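Have a look at work.cif; it's mmCIF, C-alpha atoms:
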data_start
#
loop_
_atom_site.label_atom_id
_atom_site.label_comp_id
_atom_site.auth_asym_id
_atom_site.auth_seq_id
_atom_site.Cartn_x
_atom_site.Cartn_y
_atom_site.Cartn_z
CA MET Q 1 -170.57 -27.39 125.87
CA THR Q 2 -169.33 -30.95 126.29
CA TYR Q 3 -171.65 -33.75 127.35
CA SER Q 4 -169.74 -34.31 130.60
CA LYS Q 5 -169.96 -30.61 131.50
CA ARG Q 6 -173.69 -30.59 130.83
CA VAL Q 7 -174.25 -33.69 133.00
CA PHE Q 8 -172.14 -32.13 135.75
CA ASP Q 9 -174.08 -28.85 135.60
CA PHE Q 10 -177.49 -30.52 135.56
CA THR Q 11 -176.68 -32.88 138.42
CA CYS Q 12 -175.22 -30.15 140.64
CA ALA Q 13 -178.07 -27.75 139.86
CA LEU Q 14 -180.69 -30.39 140.65
CA ILE Q 15 -179.07 -31.26 143.98
CA LEU Q 16 -178.67 -27.60 144.95
CA THR Q 17 -182.25 -26.79 143.96
CA VAL Q 18 -183.53 -29.50 146.29
CA LEU Q 19 -181.22 -28.48 149.14
CA LEU Q 20 -181.90 -24.77 148.77
CA SER Q 21 -185.65 -25.00 148.14
CA PRO Q 22 -186.50 -23.94 151.75
CA ALA Q 23 -184.25 -20.88 151.39
CA LEU Q 24 -185.81 -20.06 148.02
CA LEU Q 25 -189.26 -20.17 149.60
CA VAL Q 26 -188.26 -18.02 152.60
CA VAL Q 27 -186.57 -15.37 150.44
CA SER Q 28 -189.56 -15.29 148.07
CA VAL Q 29 -191.96 -14.70 150.97
CA LEU Q 30 -189.71 -11.99 152.46
CA ILE Q 31 -189.53 -10.10 149.17
CA LEU Q 32 -193.27 -10.43 148.67
CA CYS Q 33 -194.08 -9.18 152.19
CA LEU Q 34 -191.47 -6.41 152.45
CA ASP Q 35 -191.12 -5.18 148.88
CA GLY Q 36 -194.18 -6.47 147.05
CA ARG Q 37 -194.40 -7.93 143.57
CA PRO Q 38 -192.67 -9.03 141.44
CA VAL Q 39 -190.53 -11.45 143.44
CA PHE Q 40 -188.24 -12.25 140.52
CA TYR Q 41 -186.28 -10.07 138.13
CA VAL Q 42 -186.17 -11.37 134.58
CA SER Q 43 -183.75 -9.86 132.08
CA GLU Q 44 -182.55 -10.83 128.63
CA ARG Q 45 -178.95 -12.00 128.43
CA MET Q 46 -177.03 -13.50 125.53
CA GLN Q 47 -176.06 -17.16 125.30
CA THR Q 48 -174.41 -16.71 121.89
CA PRO Q 49 -173.81 -13.59 119.77
CA THR Q 50 -177.28 -14.09 118.23
CA ARG Q 51 -179.31 -16.08 120.78
CA GLY Q 52 -180.76 -14.54 123.91
CA PHE Q 53 -182.45 -16.08 126.94
CA GLN Q 54 -184.27 -14.88 130.05
CA LEU Q 55 -182.01 -14.77 133.11
CA LEU Q 56 -183.76 -15.21 136.47
CA LYS Q 57 -182.82 -13.49 139.74
CA PHE Q 58 -184.52 -12.39 142.91
CA ARG Q 59 -185.63 -8.79 142.51
CA THR Q 60 -183.41 -6.37 144.45
CA MET Q 61 -184.44 -3.04 142.90
CA LYS Q 62 -187.60 -1.04 142.53
CA PRO Q 63 -188.92 -1.69 139.00
CA VAL Q 64 -188.99 1.11 136.45
CA SER Q 65 -190.56 1.34 133.01
CA GLN Q 66 -187.26 1.96 131.22
CA ASP Q 67 -184.07 0.29 132.40
CA ALA Q 68 -180.91 -0.35 130.42
CA GLY Q 69 -177.23 -1.04 130.92
CA VAL Q 70 -175.33 -2.39 133.89
CA SER Q 71 -175.93 -1.36 137.48
CA GLY Q 72 -173.83 1.42 138.94
CA GLY Q 73 -174.11 4.22 141.44
CA ASP Q 74 -176.85 5.78 139.32
CA LYS Q 75 -179.16 2.89 140.24
CA SER Q 76 -178.22 2.56 143.93
CA GLY Q 77 -181.26 4.58 145.04
CA ARG Q 78 -183.55 1.89 143.61
CA ILE Q 79 -182.20 -0.93 145.79
CA THR Q 80 -185.00 -2.29 147.98
CA ARG Q 81 -185.03 -3.00 151.73
CA THR Q 82 -184.09 -6.63 151.19
CA GLY Q 83 -182.04 -6.00 148.06
CA ALA Q 84 -178.86 -4.79 149.75
CA PHE Q 85 -178.64 -7.93 151.87
CA LEU Q 86 -179.47 -10.27 148.99
CA ARG Q 87 -176.87 -8.61 146.76
CA GLY Q 88 -174.21 -8.59 149.46
CA LYS Q 89 -174.54 -12.33 150.01
CA ARG Q 90 -175.23 -13.08 146.31
CA ILE Q 91 -178.48 -14.73 147.35
CA ASP Q 92 -180.23 -12.91 144.51
CA GLU Q 93 -178.41 -15.22 142.08
CA ILE Q 94 -179.78 -18.50 143.46
CA PRO Q 95 -182.74 -18.58 141.01
CA GLN Q 96 -180.18 -18.91 138.20
CA LEU Q 97 -180.16 -22.61 139.12
CA TRP Q 98 -183.25 -22.74 136.90
CA ASN Q 99 -181.22 -21.35 134.00
CA VAL Q 100 -178.54 -23.98 134.63
CA LEU Q 101 -181.15 -26.76 134.67
CA LYS Q 102 -182.57 -25.49 131.36
CA GLY Q 103 -179.11 -25.33 129.80
CA ASP Q 104 -179.19 -21.55 129.25
CA ILE Q 105 -175.98 -21.20 131.23
CA SER Q 106 -173.35 -23.34 132.90
CA PHE Q 107 -172.03 -23.05 136.44
CA VAL Q 108 -168.72 -21.72 135.14
CA GLY Q 109 -168.14 -19.47 132.15
CA PRO Q 110 -168.22 -15.78 131.22
CA ARG Q 111 -171.08 -13.91 132.81
CA PRO Q 112 -173.90 -13.65 130.23
CA PRO Q 113 -173.83 -10.13 128.74
CA LEU Q 114 -176.62 -7.77 127.81
CA ARG Q 115 -177.57 -7.71 124.13
CA GLN Q 116 -176.55 -4.06 123.74
CA TYR Q 117 -172.92 -4.81 124.61
CA VAL Q 118 -172.76 -7.88 122.38
CA GLU Q 119 -174.00 -5.79 119.46
CA ARG Q 120 -171.64 -2.91 120.22
CA PHE Q 121 -168.55 -5.07 120.76
CA PRO Q 122 -168.84 -8.10 118.44
CA GLU Q 123 -165.05 -8.42 118.26
CA VAL Q 124 -165.03 -9.07 122.03
CA TYR Q 125 -168.13 -11.20 122.50
CA GLY Q 126 -167.88 -13.24 119.31
CA PRO Q 127 -164.89 -15.26 120.57
CA LEU Q 128 -165.97 -15.01 124.22
CA LEU Q 129 -169.39 -16.59 123.74
CA ARG Q 130 -167.91 -19.72 122.22
CA SER Q 131 -167.99 -20.79 125.87
CA ARG Q 132 -171.42 -21.24 127.45
CA PRO Q 133 -172.00 -18.32 129.85
CA GLY Q 134 -171.88 -19.15 133.54
CA VAL Q 135 -173.05 -18.24 137.02
CA THR Q 136 -169.42 -17.59 137.93
CA GLY Q 137 -166.06 -17.55 136.20
CA LEU Q 138 -162.54 -16.18 136.35
CA ALA Q 139 -163.76 -12.62 135.81
CA SER Q 140 -166.41 -13.05 138.51
CA VAL Q 141 -163.81 -14.28 140.98
CA TYR Q 142 -161.01 -11.85 140.23
CA PHE Q 143 -162.70 -8.70 138.92
CA SER Q 144 -166.24 -8.40 140.32
CA LYS Q 145 -165.25 -6.45 143.46
CA HIS Q 146 -163.11 -4.07 141.41
CA GLU Q 147 -165.99 -3.57 138.96
CA GLU Q 148 -168.33 -2.72 141.83
CA HIS Q 149 -165.79 -0.20 143.11
CA LEU Q 150 -165.38 1.40 139.67
CA LEU Q 151 -169.13 1.79 139.15
CA ALA Q 152 -170.18 2.63 142.71
CA SER Q 153 -169.76 6.39 142.38
CA THR Q 154 -171.24 6.93 138.92
CA GLN Q 155 -173.90 9.63 138.79
CA ASP Q 156 -175.85 8.72 135.66
CA SER Q 157 -176.31 5.96 133.10
CA GLU Q 158 -173.96 7.61 130.59
CA GLU Q 159 -171.08 7.66 133.07
CA THR Q 160 -171.79 4.08 134.14
CA ASP Q 161 -171.81 2.92 130.53
CA ALA Q 162 -168.60 4.76 129.68
CA ILE Q 163 -166.64 3.31 132.60
CA TYR Q 164 -168.05 -0.17 132.06
CA CYS Q 165 -167.16 -0.17 128.36
CA ARG Q 166 -163.72 1.39 128.80
CA GLN Q 167 -162.46 -0.34 131.94
CA CYS Q 168 -164.58 -3.40 132.71
CA ILE Q 169 -165.39 -5.15 129.43
CA PRO Q 170 -161.76 -5.49 128.20
CA ARG Q 171 -160.44 -6.73 131.55
CA LYS Q 172 -163.23 -9.23 132.10
CA ALA Q 173 -162.92 -10.50 128.54
CA LYS Q 174 -159.19 -11.10 129.02
CA LEU Q 175 -159.83 -13.22 132.12
CA ASP Q 176 -162.67 -15.14 130.49
CA MET Q 177 -160.54 -15.92 127.44
CA ILE Q 178 -157.92 -17.38 129.79
CA TYR Q 179 -160.64 -19.64 131.18
CA GLN Q 180 -161.68 -20.62 127.68
CA SER Q 181 -158.15 -21.77 126.86
CA LYS Q 182 -157.86 -23.86 130.03
CA ARG Q 183 -161.43 -25.04 130.65
CA SER Q 184 -162.00 -28.49 132.11
CA LEU Q 185 -164.27 -30.01 134.75
CA CYS Q 186 -161.41 -29.88 137.23
CA PHE Q 187 -160.85 -26.19 136.51
CA ASP Q 188 -164.61 -25.58 136.84
CA CYS Q 189 -164.62 -27.20 140.28
CA LEU Q 190 -161.69 -25.06 141.41
CA ILE Q 191 -163.44 -21.87 140.26
CA MET Q 192 -166.68 -22.90 141.96
CA LEU Q 193 -164.87 -23.60 145.23
CA HIS Q 194 -162.98 -20.34 144.95
CA THR Q 195 -166.27 -18.51 144.39
CA VAL Q 196 -167.91 -20.04 147.47
CA PHE Q 197 -165.01 -19.45 149.84
CA LYS Q 198 -164.27 -15.97 148.46
CA ARG Q 199 -167.85 -14.90 149.13
CA ARG Q 200 -167.72 -16.20 152.69
CA ARG Q 201 -164.80 -13.95 153.60
#

I'd like the structure from this file rewritten - as structure tokens, please.
Amino acid sequence: MTYSKRVFDFTCALILTVLLSPALLVVSVLILCLDGRPVFYVSERMQTPTRGFQLLKFRTMKPVSQDAGVSGGDKSGRITRTGAFLRGKRIDEIPQLWNVLKGDISFVGPRPPLRQYVERFPEVYGPLLRSRPGVTGLASVYFSKHEEHLLASTQDSEETDAIYCRQCIPRKAKLDMIYQSKRSLCFDCLIMLHTVFKRRR
């Protein structure tokens, strides 16, 4: 990550944290009152092929003792009363501002993957994670809705994993490698604006 990109990320994250702090408080209280503890969902993601970090989100699912892999139709029954709304508006991702402030992730880059996929597909994630992972990116903008559609009807974790590995990982990686070849602060701003306006539609 370049110095200018890090300064840009930190400054934007700090400003947004201050501006959104009332919303963060309100959502935290709603989750606590309606769904109970914990308020936040913490999950390991990979910053590099060998270095993990703890990604922070608002909790949108009922916790279970064993949970692995990406979310698909097999996990839809665990979505909480507030979770569907938070996920639909992407409000559950606001706590990731803390990860941006810490330098775990950038605003724009490939979405940080789970360790299991990095270990299973080193030929994909080795080159991909030369870019700092991000809150959003080309794959988030252009493929996230299609990914949700592909995984929405899966019946179990095995089916979810198979579809994700076969159809989602290669396509997202291709888009994120395009970003890597063209990355700049100007391109980051365009992707961020596209993300905001796309989610408002």

For Arg115 (chain Q), which of Q:Ala84, Q:Ala68, Q:Cys165, Q:Leu185 is the closest residue, counting all atoms listed in the file?
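Looking only at the distances to Arg115 (chain Q), the closest residue turns out to be Q:Ala68.
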
Carefully work through the PyMOL selection byres ((chain Q and resi 132) around 12) for this structure and note down the residues it includes, as number ranges by chain.
Q: 1-2, 5-6, 9, 45-49, 51, 99-100, 103-113, 125-131, 133-137, 176, 179-180, 183

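Using only C-alpha atoms, the shortest contact distance between Ile79 (chain Q) and any of Q:Met61, Q:Leu101, Q:Leu190, Q:Ile91 is found at Q:Met61.
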
Among listed residues Q:Val141, Q:Ile94, Q:Val118, Q:Ala173, nearest Leu20 (chain Q) (using all atoms listed in the file)
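Among the listed residues, the smallest separation from Leu20 (chain Q) belongs to Q:Ile94.
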
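We find CA of Leu86 (chain Q) and CA of Phe58 (chain Q) to be spaced 8.2 Å apart.
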
Evaluate the PyMOL selection byres ((chain Q and resi 28) around 12) on the structure here and hand back the selected residues as a PyMOL selection string.
chain Q and resi 21-27+29-41+57-60+82-83+86+91-92+94-95

Nearest residue to Leu55 (chain Q) out of Q:Gln167, Q:Ser153, Q:Gln96, Q:Thr80, using all atoms listed in the file?
Q:Gln96

What is the CA of Arg120 (chain Q)-CA of Lys174 (chain Q) distance in Å, reported with one decimal?
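Result for CA of Arg120 (chain Q) versus CA of Lys174 (chain Q): 17.3 Å, one decimal.
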
Closest to Ala162 (chain Q) among Q:Gly69, Q:Phe143, Q:Ser43, Q:Pro63, using only C-alpha atoms?
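Checking each candidate against Ala162 (chain Q), we get Q:Gly69 as the closest.
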
May I ask you to restore all heavy atoms in region 57-68 of chain Q and write the result as a tab-separated table (two decimals), in the coordinates of the input?
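What landed in selection00.tsv:
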chain	number	residue	atom	x	y	z
Q	57	LYS	N	-183.41	-13.85	138.45
Q	57	LYS	CA	-182.82	-13.49	139.74
Q	57	LYS	C	-183.93	-13.08	140.69
Q	57	LYS	O	-185.05	-12.77	140.26
Q	57	LYS	CB	-181.85	-12.30	139.59
Q	57	LYS	CG	-180.55	-12.57	138.87
Q	57	LYS	CD	-179.67	-11.32	138.93
Q	57	LYS	CE	-178.33	-11.53	138.29
Q	57	LYS	NZ	-177.44	-10.35	138.46
Q	58	PHE	N	-183.61	-13.05	141.99
Q	58	PHE	CA	-184.52	-12.39	142.91
Q	58	PHE	C	-184.45	-10.89	142.67
Q	58	PHE	O	-183.38	-10.33	142.44
Q	58	PHE	CB	-184.15	-12.68	144.37
Q	58	PHE	CG	-184.57	-14.04	144.86
Q	58	PHE	CD1	-183.64	-14.92	145.37
Q	58	PHE	CD2	-185.90	-14.42	144.83
Q	58	PHE	CE1	-184.02	-16.17	145.83
Q	58	PHE	CE2	-186.30	-15.67	145.29
Q	58	PHE	CZ	-185.35	-16.55	145.79
Q	59	ARG	N	-185.59	-10.24	142.74
Q	59	ARG	CA	-185.63	-8.79	142.51
Q	59	ARG	C	-185.00	-8.06	143.69
Q	59	ARG	O	-185.36	-8.30	144.85
Q	59	ARG	CB	-187.07	-8.31	142.31
Q	59	ARG	CG	-187.17	-6.80	142.04
Q	59	ARG	CD	-188.58	-6.41	141.68
Q	59	ARG	NE	-189.50	-6.58	142.79
Q	59	ARG	CZ	-189.71	-5.68	143.75
Q	59	ARG	NH1	-189.04	-4.53	143.74
Q	59	ARG	NH2	-190.57	-5.91	144.72
Q	60	THR	N	-184.07	-7.15	143.41
Q	60	THR	CA	-183.41	-6.37	144.45
Q	60	THR	C	-183.58	-4.87	144.26
Q	60	THR	O	-183.11	-4.09	145.07
Q	60	THR	CB	-181.90	-6.69	144.49
Q	60	THR	OG1	-181.31	-6.37	143.22
Q	60	THR	CG2	-181.65	-8.16	144.80
Q	61	MET	N	-184.24	-4.47	143.18
Q	61	MET	CA	-184.44	-3.04	142.90
Q	61	MET	C	-185.91	-2.75	142.65
Q	61	MET	O	-186.68	-3.62	142.23
Q	61	MET	CB	-183.64	-2.62	141.66
Q	61	MET	CG	-182.15	-2.52	141.85
Q	61	MET	SD	-181.37	-1.85	140.34
Q	61	MET	CE	-179.69	-1.68	140.91
Q	62	LYS	N	-186.27	-1.49	142.88
Q	62	LYS	CA	-187.60	-1.04	142.53
Q	62	LYS	C	-187.72	-1.04	141.00
Q	62	LYS	O	-186.84	-0.52	140.31
Q	62	LYS	CB	-187.85	0.37	143.05
Q	62	LYS	CG	-187.78	0.47	144.57
Q	62	LYS	CD	-187.86	1.92	145.02
Q	62	LYS	CE	-187.69	2.02	146.53
Q	62	LYS	NZ	-187.67	3.43	146.99
Q	63	PRO	N	-188.78	-1.64	140.46
Q	63	PRO	CA	-188.92	-1.69	139.00
Q	63	PRO	C	-189.22	-0.32	138.40
Q	63	PRO	O	-189.86	0.51	139.02
Q	63	PRO	CB	-190.11	-2.65	138.80
Q	63	PRO	CG	-190.87	-2.60	140.07
Q	63	PRO	CD	-189.87	-2.32	141.16
Q	64	VAL	N	-188.71	-0.11	137.19
Q	64	VAL	CA	-188.99	1.11	136.45
Q	64	VAL	C	-189.41	0.72	135.03
Q	64	VAL	O	-189.14	-0.39	134.57
Q	64	VAL	CB	-187.76	2.05	136.39
Q	64	VAL	CG1	-187.43	2.58	137.77
Q	64	VAL	CG2	-186.56	1.35	135.78
Q	65	SER	N	-190.05	1.65	134.34
Q	65	SER	CA	-190.56	1.34	133.01
Q	65	SER	C	-189.44	1.19	131.99
Q	65	SER	O	-189.49	0.37	131.09
Q	65	SER	CB	-191.54	2.42	132.55
Q	65	SER	OG	-190.91	3.69	132.58
Q	66	GLN	N	-188.39	2.01	132.14
Q	66	GLN	CA	-187.26	1.96	131.22
Q	66	GLN	C	-185.98	1.71	132.02
Q	66	GLN	O	-185.63	2.48	132.89
Q	66	GLN	CB	-187.13	3.28	130.45
Q	66	GLN	CG	-188.30	3.59	129.54
Q	66	GLN	CD	-188.38	2.63	128.36
Q	66	GLN	OE1	-187.37	2.13	127.88
Q	66	GLN	NE2	-189.59	2.37	127.88
Q	67	ASP	N	-185.30	0.62	131.70
Q	67	ASP	CA	-184.07	0.29	132.40
Q	67	ASP	C	-183.10	-0.32	131.39
Q	67	ASP	O	-183.47	-1.21	130.62
Q	67	ASP	CB	-184.34	-0.70	133.53
Q	67	ASP	CG	-183.14	-0.87	134.44
Q	67	ASP	OD1	-182.22	-0.03	134.37
Q	67	ASP	OD2	-183.12	-1.84	135.22
Q	68	ALA	N	-181.88	0.16	131.37
Q	68	ALA	CA	-180.91	-0.35	130.42
Q	68	ALA	C	-179.51	-0.26	131.01
Q	68	ALA	O	-179.25	0.53	131.92
Q	68	ALA	CB	-180.96	0.45	129.11
